[in-house]
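The next block is input22.txt, given as compact mmCIF, C-alpha atoms.
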```txt
# COMPACT_ATOMS: atom_id res chain seq x y z
CA MET A 1 -5.07 123.37 50.88
CA SER A 2 -7.12 121.63 48.21
CA ALA A 3 -4.22 119.26 47.54
CA LEU A 4 -4.25 117.83 51.05
CA THR A 5 -5.14 114.17 51.39
CA THR A 6 -8.22 113.30 53.47
CA SER A 7 -6.15 112.06 56.42
CA ARG A 8 -3.84 115.07 56.34
CA ARG A 9 -6.81 117.44 56.13
CA ARG A 10 -8.36 115.69 59.14
CA ILE A 11 -5.19 116.17 61.22
CA LEU A 12 -4.88 119.82 60.19
CA HIS A 13 -8.55 120.46 60.83
CA GLY A 14 -8.37 118.89 64.27
CA ALA A 15 -5.30 120.78 65.39
CA LEU A 16 -6.31 124.19 64.08
CA THR A 17 -9.95 123.86 65.11
CA VAL A 18 -9.00 122.92 68.66
CA ALA A 19 -6.61 125.88 68.68
CA LEU A 20 -9.40 128.22 67.68
CA VAL A 21 -11.96 126.60 69.98
CA THR A 22 -10.09 126.05 73.21
CA GLY A 23 -8.32 129.30 73.98
CA MET A 24 -6.04 128.87 76.98
CA GLY A 25 -5.41 131.40 78.08
CA GLY A 26 1.93 145.35 82.34
CA ALA A 27 1.15 146.48 85.88
CA LEU A 28 -1.71 145.86 88.23
CA THR A 29 -4.12 148.68 87.55
CA ALA A 30 -5.61 151.36 89.74
CA CYS A 31 -9.40 151.46 90.06
CA SER A 32 -11.75 154.23 91.08
CA GLU A 33 -15.22 153.32 89.81
CA THR A 34 -18.08 151.33 91.29
CA ASP A 35 -18.23 147.70 90.15
CA THR A 36 -21.29 145.63 90.90
CA ASP A 37 -19.81 142.32 89.68
CA ALA A 38 -20.87 139.66 92.18
CA GLY A 39 -21.31 142.25 94.88
CA ALA A 40 -17.71 143.44 94.76
CA THR A 41 -17.09 147.15 95.22
CA LYS A 42 -14.19 148.85 93.54
CA THR A 43 -12.77 151.58 95.68
CA SER A 44 -9.72 153.64 94.95
CA VAL A 45 -7.16 150.90 95.33
CA LYS A 46 -3.93 150.17 93.55
CA GLN A 47 -3.36 146.44 93.52
CA GLU A 48 0.34 146.54 92.79
CA GLY A 49 2.39 146.82 95.94
CA THR A 50 -0.26 145.37 98.27
CA GLY A 51 2.13 142.56 99.10
CA ALA A 52 -0.50 139.80 98.88
CA PRO A 53 1.59 136.71 97.99
CA ALA A 54 -1.16 135.08 95.88
CA ASP A 55 -1.73 138.23 93.84
CA LYS A 56 1.99 138.77 93.33
CA ARG A 57 2.38 135.16 92.19
CA LEU A 58 -0.50 135.66 89.75
CA ALA A 59 1.11 138.82 88.37
CA ASP A 60 4.48 137.09 88.04
CA LEU A 61 2.88 134.18 86.19
CA ALA A 62 1.13 136.63 83.86
CA GLN A 63 4.43 138.31 82.98
CA LYS A 64 6.11 134.95 82.49
CA ALA A 65 3.31 133.81 80.18
CA ALA A 66 3.57 137.05 78.17
CA ASP A 67 7.33 136.68 77.81
CA GLU A 68 7.15 133.01 76.81
CA GLY A 69 4.68 133.39 73.95
CA SER A 70 1.38 134.88 75.13
CA ALA A 71 2.49 138.39 73.98
CA GLY A 72 -0.06 140.17 76.21
CA VAL A 73 -2.23 138.97 79.08
CA ILE A 74 -5.17 140.47 80.96
CA VAL A 75 -6.30 138.76 84.15
CA ARG A 76 -9.30 139.85 86.19
CA VAL A 77 -10.42 138.00 89.32
CA VAL A 78 -13.61 138.67 91.31
CA ARG A 79 -13.60 136.70 94.57
CA GLY A 80 -17.05 137.74 95.79
CA ASN A 81 -15.80 140.35 98.27
CA GLY A 82 -13.26 143.12 98.19
CA ALA A 83 -11.82 144.81 95.13
CA PRO A 84 -11.33 142.79 91.94
CA VAL A 85 -7.73 141.94 91.10
CA GLU A 86 -6.81 143.35 87.69
CA ILE A 87 -3.54 142.53 85.97
CA ALA A 88 -2.20 143.56 82.57
CA ARG A 89 1.17 142.23 81.47
CA GLN A 90 2.86 142.20 78.07
CA ALA A 91 6.08 141.27 76.33
CA ALA A 92 8.41 144.23 75.89
CA TRP A 93 8.26 144.18 72.09
CA THR A 94 4.46 144.71 72.07
CA LYS A 95 4.65 148.05 73.90
CA ALA A 96 5.47 149.88 70.68
CA ASP A 97 1.96 149.03 69.44
CA HIS A 98 0.06 149.91 72.61
CA ARG A 99 0.21 149.73 76.39
CA LEU A 100 -2.11 146.98 77.55
CA ALA A 101 -4.76 147.87 80.13
CA ALA A 102 -7.14 145.63 82.04
CA ASP A 103 -10.22 147.36 80.56
CA ASP A 104 -9.16 147.10 76.90
CA GLN A 105 -11.71 145.74 74.46
CA PHE A 106 -11.05 142.20 73.27
CA ARG A 107 -12.49 139.76 70.71
CA VAL A 108 -13.93 137.06 73.00
CA GLY A 109 -14.56 134.58 70.19
CA SER A 110 -16.53 131.49 71.10
CA ASN A 111 -17.55 132.89 74.48
CA THR A 112 -20.23 134.40 72.22
CA LYS A 113 -21.86 130.96 72.09
CA THR A 114 -23.03 131.38 75.70
CA VAL A 115 -24.86 134.58 74.71
CA THR A 116 -26.42 132.89 71.68
CA ALA A 117 -27.55 129.96 73.82
CA THR A 118 -29.00 132.34 76.41
CA LEU A 119 -31.04 134.15 73.75
CA LEU A 120 -32.32 130.83 72.42
CA LEU A 121 -33.25 129.53 75.88
CA GLN A 122 -35.15 132.74 76.57
CA LEU A 123 -37.31 131.82 73.57
CA VAL A 124 -37.68 128.29 74.94
CA ALA A 125 -38.83 129.74 78.27
CA ASP A 126 -41.41 131.85 76.40
CA GLY A 127 -42.70 128.78 74.54
CA LYS A 128 -41.65 130.15 71.14
CA VAL A 129 -39.02 127.51 70.37
CA GLY A 130 -38.69 123.90 71.56
CA LEU A 131 -35.39 122.18 72.27
CA ASN A 132 -36.71 119.12 70.46
CA ASP A 133 -37.81 121.10 67.41
CA THR A 134 -36.04 119.92 64.29
CA VAL A 135 -33.71 122.27 62.49
CA GLU A 136 -35.65 121.57 59.29
CA LYS A 137 -38.76 123.07 60.89
CA TRP A 138 -37.01 126.40 61.35
CA LEU A 139 -34.45 126.42 58.54
CA PRO A 140 -35.89 124.29 55.73
CA GLY A 141 -33.25 123.16 53.27
CA LEU A 142 -30.37 125.05 54.90
CA VAL A 143 -28.78 122.39 57.11
CA ARG A 144 -27.68 119.03 55.76
CA GLY A 145 -29.63 116.32 57.65
CA GLY A 146 -31.76 118.96 59.37
CA LYS A 147 -34.78 116.62 59.67
CA ASP A 148 -32.84 114.53 62.19
CA ILE A 149 -31.08 117.37 64.04
CA THR A 150 -32.78 119.11 66.96
CA VAL A 151 -32.20 122.54 68.45
CA ARG A 152 -30.70 120.86 71.52
CA MET A 153 -28.17 119.05 69.32
CA LEU A 154 -27.04 122.34 67.81
CA LEU A 155 -26.63 123.85 71.27
CA ASN A 156 -24.50 121.03 72.69
CA HIS A 157 -22.63 120.16 69.47
CA THR A 158 -24.05 116.67 68.99
CA SER A 159 -25.61 117.44 65.59
CA GLY A 160 -23.20 115.38 63.49
CA LEU A 161 -22.17 118.48 61.53
CA GLY A 162 -18.52 119.10 60.80
CA ASP A 163 -16.92 122.55 60.79
CA PHE A 164 -16.38 124.93 57.89
CA LEU A 165 -13.25 126.54 59.36
CA LEU A 166 -10.61 124.55 57.50
CA THR A 167 -12.47 123.93 54.26
CA PRO A 168 -10.51 125.10 51.19
CA LYS A 169 -13.11 127.78 50.44
CA PHE A 170 -13.04 129.29 53.93
CA LEU A 171 -9.42 128.96 55.11
CA PRO A 172 -8.22 132.09 53.24
CA SER A 173 -10.87 134.15 55.04
CA LEU A 174 -9.91 132.69 58.42
CA THR A 175 -6.29 133.69 57.93
CA GLY A 176 -7.16 137.09 56.48
CA GLN A 177 -5.60 136.32 53.11
CA GLU A 178 -8.96 136.87 51.42
CA ARG A 179 -11.51 139.56 52.22
CA ARG A 180 -15.00 138.21 51.78
CA THR A 181 -18.32 138.82 53.48
CA TRP A 182 -19.77 135.49 54.56
CA LYS A 183 -23.43 134.96 55.36
CA ALA A 184 -24.42 132.17 57.74
CA GLU A 185 -26.28 130.48 54.87
CA ASP A 186 -23.05 130.40 52.85
CA LEU A 187 -21.12 128.87 55.75
CA LEU A 188 -23.72 126.15 56.23
CA ALA A 189 -23.57 125.37 52.51
CA ILE A 190 -19.83 124.54 52.74
CA THR A 191 -20.08 122.68 56.07
CA PRO A 192 -19.00 119.03 55.68
CA PRO A 193 -20.19 116.07 57.76
CA GLN A 194 -18.09 115.05 60.74
CA ASP A 195 -15.00 113.05 59.84
CA PRO A 196 -15.44 110.24 60.78
CA PRO A 197 -19.22 110.48 60.42
CA ALA A 198 -21.50 110.46 63.47
CA ALA A 199 -25.29 110.26 63.56
CA PRO A 200 -27.15 113.21 65.12
CA GLY A 201 -27.28 112.94 68.91
CA LYS A 202 -24.56 110.30 69.18
CA LYS A 203 -21.34 112.24 69.73
CA HIS A 204 -20.17 115.65 70.91
CA SER A 205 -17.98 117.30 68.29
CA TYR A 206 -17.48 121.06 68.51
CA SER A 207 -18.54 122.92 65.37
CA ASN A 208 -19.06 126.59 64.63
CA ALA A 209 -21.65 125.54 62.04
CA ASN A 210 -24.04 124.62 64.87
CA TYR A 211 -24.09 128.21 66.08
CA ALA A 212 -24.22 129.69 62.60
CA ALA A 213 -27.50 127.78 62.29
CA LEU A 214 -28.68 128.97 65.72
CA GLY A 215 -28.06 132.58 64.72
CA LEU A 216 -30.33 132.14 61.72
CA LEU A 217 -32.92 130.38 63.86
CA LEU A 218 -32.97 133.28 66.33
CA GLN A 219 -33.60 135.74 63.52
CA LYS A 220 -36.33 133.56 62.02
CA ALA A 221 -38.11 133.11 65.37
CA THR A 222 -37.96 136.78 66.42
CA GLY A 223 -37.89 138.77 63.18
CA LYS A 224 -34.91 140.69 64.59
CA SER A 225 -31.24 140.74 63.70
CA LEU A 226 -28.76 139.10 66.04
CA THR A 227 -27.19 142.51 66.69
CA GLU A 228 -30.57 143.82 67.90
CA LEU A 229 -31.20 140.80 70.09
CA VAL A 230 -27.79 140.98 71.75
CA GLU A 231 -28.24 144.67 72.52
CA GLN A 232 -31.87 144.47 73.66
CA LYS A 233 -31.66 141.26 75.71
CA ILE A 234 -28.08 141.20 77.00
CA THR A 235 -25.73 144.17 76.74
CA LYS A 236 -28.13 147.06 77.38
CA PRO A 237 -30.04 145.51 80.35
CA LEU A 238 -26.75 144.46 81.97
CA GLY A 239 -24.95 147.74 81.37
CA MET A 240 -22.26 146.12 79.21
CA LYS A 241 -21.28 149.45 77.69
CA ASP A 242 -18.11 148.17 76.03
CA SER A 243 -19.62 145.08 74.38
CA PHE A 244 -21.15 144.54 70.95
CA LEU A 245 -21.47 142.00 68.15
CA ALA A 246 -18.88 142.78 65.48
CA THR A 247 -20.23 143.02 61.94
CA ASP A 248 -16.89 144.04 60.42
CA ALA A 249 -13.27 144.54 61.48
CA GLU A 250 -13.95 147.85 63.24
CA TRP A 251 -13.63 148.50 66.96
CA SER A 252 -15.44 151.05 69.14
CA ALA A 253 -14.38 154.61 68.38
CA GLY A 254 -12.38 156.16 71.20
CA LYS A 255 -11.99 152.90 73.15
CA GLN A 256 -8.59 151.23 73.44
CA HIS A 257 -8.47 147.64 72.22
CA VAL A 258 -6.00 144.80 72.49
CA THR A 259 -3.63 144.27 69.56
CA GLY A 260 -3.71 140.62 68.48
CA TYR A 261 -0.73 138.65 67.18
CA GLU A 262 -0.02 135.32 65.54
CA PRO A 263 3.25 133.66 64.45
CA ASP A 264 4.23 134.31 60.84
CA ALA A 265 3.95 131.46 58.32
CA LYS A 266 7.45 130.13 59.00
CA HIS A 267 7.04 130.10 62.76
CA LEU A 268 3.47 128.79 62.55
CA LYS A 269 4.62 125.79 60.51
CA SER A 270 7.41 125.09 63.00
CA LEU A 271 5.10 125.57 65.97
CA LEU A 272 2.58 122.99 64.77
CA ALA A 273 5.16 120.40 63.69
CA PRO A 274 5.41 117.45 63.93
CA ALA A 275 1.73 116.94 64.78
CA VAL A 276 0.64 118.95 61.74
CA ASP A 277 2.47 119.12 58.40
CA LEU A 278 1.25 122.61 57.55
CA PRO A 279 1.41 123.41 53.81
CA GLU A 280 3.99 126.00 52.80
CA GLY A 281 2.67 129.55 52.73
CA VAL A 282 -0.32 129.03 55.03
CA GLY A 283 -0.17 131.95 57.42
CA PHE A 284 -1.99 134.99 58.71
CA ALA A 285 -2.26 138.30 56.88
CA GLY A 286 -1.16 141.52 58.52
CA PRO A 287 1.83 143.78 59.26
CA GLY A 288 5.01 142.05 60.38
CA ARG A 289 6.02 142.53 64.00
CA PRO A 290 9.15 141.63 66.00
CA GLU A 291 10.15 138.08 66.90
CA GLY A 292 8.39 136.49 63.93
CA ASN A 293 4.88 137.76 64.65
CA ILE A 294 2.04 139.16 62.56
CA ASP A 295 -0.42 141.84 63.73
CA THR A 296 -3.82 140.20 63.09
CA THR A 297 -5.96 142.96 64.61
CA ARG A 298 -7.53 143.93 61.28
CA ILE A 299 -8.59 140.44 60.18
CA ASP A 300 -12.37 140.64 59.69
CA PRO A 301 -14.22 138.40 62.21
CA SER A 302 -17.73 139.15 60.92
CA TRP A 303 -18.13 135.58 59.64
CA SER A 304 -18.12 134.34 63.26
CA GLY A 305 -21.46 135.98 64.14
CA ALA A 306 -23.49 133.91 66.62
CA ALA A 307 -20.56 131.51 66.99
CA GLY A 308 -17.90 134.02 68.00
CA GLY A 309 -18.45 137.64 66.97
CA MET A 310 -18.63 139.46 70.31
CA VAL A 311 -16.25 142.23 71.35
CA SER A 312 -16.15 142.85 75.09
CA THR A 313 -13.95 143.52 78.10
CA ALA A 314 -13.01 141.30 81.02
CA GLN A 315 -15.32 143.25 83.34
CA ASP A 316 -18.27 143.27 80.94
CA TRP A 317 -18.09 139.56 80.23
CA GLN A 318 -17.74 138.66 83.90
CA ARG A 319 -20.84 140.76 84.52
CA PHE A 320 -22.71 138.75 81.88
CA LEU A 321 -21.64 135.37 83.26
CA THR A 322 -22.46 136.42 86.81
CA ALA A 323 -25.94 137.55 85.77
CA LEU A 324 -26.48 134.30 83.87
CA MET A 325 -25.28 131.95 86.60
CA THR A 326 -27.20 133.74 89.35
CA GLY A 327 -30.51 133.37 87.49
CA LYS A 328 -31.00 136.92 86.23
CA LEU A 329 -31.29 135.96 82.55
CA LEU A 330 -33.01 132.57 82.52
CA PRO A 331 -35.63 130.77 84.63
CA GLU A 332 -34.47 127.85 86.77
CA ALA A 333 -35.75 125.23 84.31
CA GLN A 334 -33.70 126.64 81.44
CA MET A 335 -30.62 127.04 83.63
CA LYS A 336 -30.91 123.36 84.51
CA GLN A 337 -31.08 122.51 80.81
CA MET A 338 -28.10 124.74 80.05
CA ARG A 339 -26.01 123.02 82.75
CA THR A 340 -26.91 119.48 81.63
CA THR A 341 -23.69 118.38 79.95
CA VAL A 342 -22.41 115.74 77.57
CA PRO A 343 -18.81 114.48 77.86
CA ALA A 344 -16.40 116.89 76.19
CA PRO A 345 -12.81 116.05 77.16
CA GLU A 346 -11.30 118.42 74.58
CA GLU A 347 -13.13 121.29 76.28
CA GLY A 348 -11.92 120.27 79.73
CA GLY A 349 -14.87 118.33 81.09
CA GLY A 350 -18.44 118.62 79.83
CA TYR A 351 -20.46 120.75 77.42
CA GLY A 352 -24.01 121.88 78.15
CA LEU A 353 -26.13 124.22 76.07
CA GLY A 354 -23.58 126.86 75.14
CA LEU A 355 -21.83 126.44 78.49
CA MET A 356 -18.68 124.52 79.42
CA LYS A 357 -18.11 122.66 82.66
CA VAL A 358 -14.35 122.71 83.25
CA ASP A 359 -12.40 120.82 85.88
CA THR A 360 -9.48 122.82 87.28
CA PRO A 361 -6.90 121.75 89.91
CA CYS A 362 -8.94 123.65 92.50
CA GLY A 363 -12.47 122.63 91.52
CA THR A 364 -15.14 122.88 88.85
CA VAL A 365 -15.84 126.14 87.03
CA TRP A 366 -18.44 127.15 84.44
CA GLY A 367 -18.11 129.38 81.41
CA HIS A 368 -16.54 129.13 77.97
CA THR A 369 -13.36 129.63 76.01
CA GLY A 370 -12.77 131.65 72.87
CA GLY A 371 -10.27 131.82 70.05
CA LEU A 372 -9.89 133.98 66.95
CA PRO A 373 -6.72 134.97 65.10
CA GLY A 374 -4.83 137.06 67.68
CA TYR A 375 -7.19 136.43 70.58
CA SER A 376 -7.63 133.62 73.11
CA SER A 377 -9.79 133.76 76.22
CA GLU A 378 -11.05 131.74 79.17
CA ILE A 379 -13.82 133.25 81.29
CA TYR A 380 -15.44 131.34 84.14
CA THR A 381 -17.52 131.58 87.32
CA ASP A 382 -17.92 129.29 90.30
CA ALA A 383 -21.04 127.10 90.44
CA ALA A 384 -23.08 129.79 92.22
CA GLY A 385 -21.94 132.61 89.96
CA HIS A 386 -20.66 134.75 92.84
CA ARG A 387 -17.00 134.56 91.83
CA SER A 388 -15.53 134.96 88.36
CA VAL A 389 -12.26 134.99 86.48
CA ALA A 390 -11.16 136.15 83.03
CA VAL A 391 -7.85 135.40 81.33
CA LEU A 392 -7.47 137.15 77.97
CA THR A 393 -4.41 136.46 75.82
CA SER A 394 -3.36 138.46 72.78
CA THR A 395 -2.50 135.46 70.63
CA ASN A 396 -4.12 132.13 69.87
CA PHE A 397 -1.71 129.92 67.96
CA GLY A 398 1.21 131.60 69.71
CA ILE A 399 0.42 129.63 72.88
CA LYS A 400 0.27 126.22 71.22
CA GLY A 401 3.99 125.53 71.54
CA LYS A 402 5.05 123.44 74.53
CA THR A 403 6.75 126.19 76.54
CA ALA A 404 4.13 128.87 75.87
CA ALA A 405 1.24 126.46 76.48
CA SER A 406 2.73 125.36 79.80
CA ALA A 407 3.19 128.95 81.00
CA ASN A 408 -0.32 129.89 79.91
CA LYS A 409 -1.85 126.85 81.61
CA ARG A 410 -0.09 127.64 84.88
CA LEU A 411 -1.49 131.15 84.69
CA VAL A 412 -5.06 130.00 83.96
CA ASP A 413 -4.92 127.40 86.73
CA GLU A 414 -3.58 129.95 89.22
CA ALA A 415 -6.24 132.49 88.22
CA ALA A 416 -9.04 129.94 88.58
CA CYS A 417 -7.72 128.84 91.97
CA SER A 418 -7.44 132.47 93.06
CA MET A 419 -11.07 133.00 92.04
CA LEU A 420 -12.15 129.94 94.02
CA GLY A 421 -10.11 131.04 97.04
CA THR A 422 -7.88 127.95 96.99
CA SER A 423 -4.16 127.50 96.51
CA ARG A 424 -3.15 125.64 93.38
CA PRO A 425 -1.81 122.23 94.51
CA SER A 426 1.37 122.49 92.43
CA ALA A 427 2.04 126.14 93.25
CA SER A 428 5.47 126.90 94.66
CA PRO A 429 6.98 130.10 96.05
CA ALA A 430 9.43 130.10 93.13
CA GLU A 431 6.69 130.54 90.52
```
Reformat the file's structure so that it appears as structure tokens.
Amino acid sequence: MSALTTSRRRILHGALTVALVTGMGGALTACSETDTDAGATKTSVKQEGTGAPADKRLADLAQKAADEGSAGVIVRVVRGNGAPVEIARQAAWTKADHRLAADDQFRVGSNTKTVTATLLLQLVADGKVGLNDTVEKWLPGLVRGGKDITVRMLLNHTSGLGDFLLTPKFLPSLTGQERRTWKAEDLLAITPPQDPPAAPGKKHSYSNANYAALGLLLQKATGKSLTELVEQKITKPLGMKDSFLATDAEWSAGKQHVTGYEPDAKHLKSLLAPAVDLPEGVGFAGPGRPEGNIDTTRIDPSWSGAAGGMVSTAQDWQRFLTALMTGKLLPEAQMKQMRTTVPAPEEGGGYGLGLMKVDTPCGTVWGHTGGLPGYSSEIYTDAAGHRSVAVLTSTNFGIKGKTAASANKRLVDEAACSMLGTSRPSASPAE
């Protein structure tokens, strides 16, 4: 990686960072527990076999996406009334590893940024932190150019900071080829400026370094660890019993989790060509699996912290987003700030303070996306927060090829339209 030219590194960084940032996104499961998401009540209902054309189309699209590169797909739709629709579909070759279920735990990656932003805005509401405070005030000497960067700029990615993900020092940790414990301070130390450079406040450019800094700021302002804050302010009050901030590669004991996959080095290089001339040998660590895949489940995500370290389930994360968007976690003034966006075409529309505004074929949705090796997710609500949708996919780079990306996009669009109660304009009975 160190031998890459500047222009080649820029292309590689852009392609792989977008892949990790903008996650795109097997039978319908039986339910028997009470679910308070957006007022929906789960009764004992088996979704498969109901004959609802929209739900069958959604299930068929999920299976097609799984077969064409997504490996495994979980879809959960809450429409504001009636039982949630829950779908789990997977490619046949993945069943030897585990049988996918709609309530499996999942690494939700950058969806974590919405939690981090919520925690920060709670401090703003309490008058303990100001959005116009400089980063230097809170983290002296830790962030390059911190005297000119504000807390708001970190939250909406207009700080002018680049990303550490594809730097030569960090790439081996990202792919799992090197086991190393990274502190947020270390990540900020290797964070480069944006390429090309941009002055603070001038341009939106997504960077995990912004949220690494926000994680440190939260700890400095509260005297508590991020793990404590997440549990005390978010997961415990909301009853998110299957959610936590990962501090190593371990999962919850006794809880089934999704197995994540990525293409092996040969297939990854082919998948990204010709847009990216990936250096020989760059690939993910893990056991080999059928059809040129690698099991990436054990790659340590602890480096992602405030930027992407949360483990959750579709139901838990929809509960969080619903609580946030209906005003249960932040006062109205802070919600208005959170939903004030800057243009962010790569993220599908606009980016607020840890919250994406995404334009779908059926209307605008709010939420975030996430991507880590083996895991890609899109989780959204409607504007009022009464409806929600989650699409969780057990690969990230595996859905970057043309065919796989197209199948995954059709699925996400259909799921969002189903959540909004509208038919996707391009939907056809044959899909």
For stretch 415-424 of chain A, find every residue with an atom within 8 Å (counting all atoms listed in the file), except residues of its own chain fewer than 3 positions away, and show them as a PDB file with C-alpha atoms, keeping the file's coordinate frame.
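Contents of out24.pdb, freshly written:
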```
ATOM      1  CA  ALA A  54      -1.160 135.080  95.880  1.00  0.00           C
ATOM      2  CA  LEU A  58      -0.500 135.660  89.750  1.00  0.00           C
ATOM      3  CA  VAL A  75      -6.300 138.760  84.150  1.00  0.00           C
ATOM      4  CA  VAL A  77     -10.420 138.000  89.320  1.00  0.00           C
ATOM      5  CA  VAL A  78     -13.610 138.670  91.310  1.00  0.00           C
ATOM      6  CA  ARG A  79     -13.600 136.700  94.570  1.00  0.00           C
ATOM      7  CA  THR A 360      -9.480 122.820  87.280  1.00  0.00           C
ATOM      8  CA  PRO A 361      -6.900 121.750  89.910  1.00  0.00           C
ATOM      9  CA  CYS A 362      -8.940 123.650  92.500  1.00  0.00           C
ATOM     10  CA  GLY A 363     -12.470 122.630  91.520  1.00  0.00           C
ATOM     11  CA  VAL A 365     -15.840 126.140  87.030  1.00  0.00           C
ATOM     12  CA  TYR A 380     -15.440 131.340  84.140  1.00  0.00           C
ATOM     13  CA  ASP A 382     -17.920 129.290  90.300  1.00  0.00           C
ATOM     14  CA  ARG A 387     -17.000 134.560  91.830  1.00  0.00           C
ATOM     15  CA  SER A 388     -15.530 134.960  88.360  1.00  0.00           C
ATOM     16  CA  VAL A 389     -12.260 134.990  86.480  1.00  0.00           C
ATOM     17  CA  VAL A 391      -7.850 135.400  81.330  1.00  0.00           C
ATOM     18  CA  LEU A 411      -1.490 131.150  84.690  1.00  0.00           C
ATOM     19  CA  VAL A 412      -5.060 130.000  83.960  1.00  0.00           C
ATOM     20  CA  ALA A 427       2.040 126.140  93.250  1.00  0.00           C
TER      21      ALA A 427
END
```
What is the atom CA of A:Ala265-atom CA of A:Phe284 distance in Å, reported with one decimal?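 Those two atoms sit 6.9 Å apart.
Proximity to A:Ile149 was assessed for A:Thr181, A:Thr381, A:Gln90, A:Asn210 counting only C-alpha atoms; the smallest distance is recorded for A:Asn210.
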Could you give me, as a ChimeraX atom specification, the residues within 8 Å of A:Met338, counting all atoms listed in the file and dropping anything in the same chain fewer than 6 positions from it? /A:352-355
Atom CA of A:Lys203 and atom CA of A:Pro343, how far apart in Å? 8.8 Å
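Minimum atom-to-atom distance to A:Ile379, evaluated using all atoms listed in the file, belongs to A:Val108 out of A:Val311, A:Ile87, A:Ala285, A:Val108.
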Quick one: distance from atom CA of A:Ala184 to atom CA of A:Asp163 in Å, one decimal?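 The value is 12.6 Å.
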Nearest residue to A:Leu100 out of A:Gln232, A:Ser394, A:Asn408, A:Ser376, using all atoms listed in the file?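 Comparing A:Gln232, A:Ser394, A:Asn408, A:Ser376 against A:Leu100, the winner is A:Ser394.
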Can you check which parts of stretch 194-296 of chain A lie within 10 Å of stretch 70-74 of chain A? Per residue, the shortest pair of atoms and distance in Å to one decimal, counting all atoms listed in the file, sorted by chain and number, as CSV.
```
residue,atom,partner,partner_atom,distance
A:Val258,CA,A:Gly72,CA,8.4
A:Thr259,CA,A:Gly72,CA,8.6
A:Gly260,CA,A:Gly72,CA,8.6
A:Tyr261,CA,A:Ala71,CA,7.5
A:Glu262,CA,A:Ala71,CA,9.3
A:Asn293,CA,A:Ala71,CA,9.7
```
Measuring atom to atom with only C-alpha atoms, identify which of A:Val129, A:Val115, A:Ala407, A:Leu161 is nearest to A:Ala198.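 Closest residue, counting only C-alpha atoms: A:Leu161.
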List the spatial neighbours of A:Lys255 as number ranges by chain - criterion: any atom at most 10 Å away, all atoms listed in the file, same-chain residues fewer than 6 positions off excluded. A: 103-105, 242
May I have the residues within 10 Å of A:Thr235 as a PDB file with C-alpha atoms, keeping the file's coordinate frame, using only C-alpha atoms and disregarding those fewer than 6 positions away in the same chain?
```pdb
ATOM      1  CA  VAL A 115     -24.860 134.580  74.710  1.00  0.00           C
ATOM      2  CA  LEU A 229     -31.200 140.800  70.090  1.00  0.00           C
ATOM      3  CA  LYS A 241     -21.280 149.450  77.690  1.00  0.00           C
ATOM      4  CA  ASP A 242     -18.110 148.170  76.030  1.00  0.00           C
ATOM      5  CA  SER A 243     -19.620 145.080  74.380  1.00  0.00           C
ATOM      6  CA  PHE A 244     -21.150 144.540  70.950  1.00  0.00           C
ATOM      7  CA  LEU A 245     -21.470 142.000  68.150  1.00  0.00           C
ATOM      8  CA  SER A 312     -16.150 142.850  75.090  1.00  0.00           C
ATOM      9  CA  ASP A 316     -18.270 143.270  80.940  1.00  0.00           C
ATOM     10  CA  TRP A 317     -18.090 139.560  80.230  1.00  0.00           C
ATOM     11  CA  ARG A 319     -20.840 140.760  84.520  1.00  0.00           C
ATOM     12  CA  PHE A 320     -22.710 138.750  81.880  1.00  0.00           C
TER      13      PHE A 320
END
```
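For the residues A:Glu291, A:Leu321, A:Leu155, A:Trp303, ranking by smallest atom-to-atom distance to A:Leu188 using only C-alpha atoms places A:Trp303 first.
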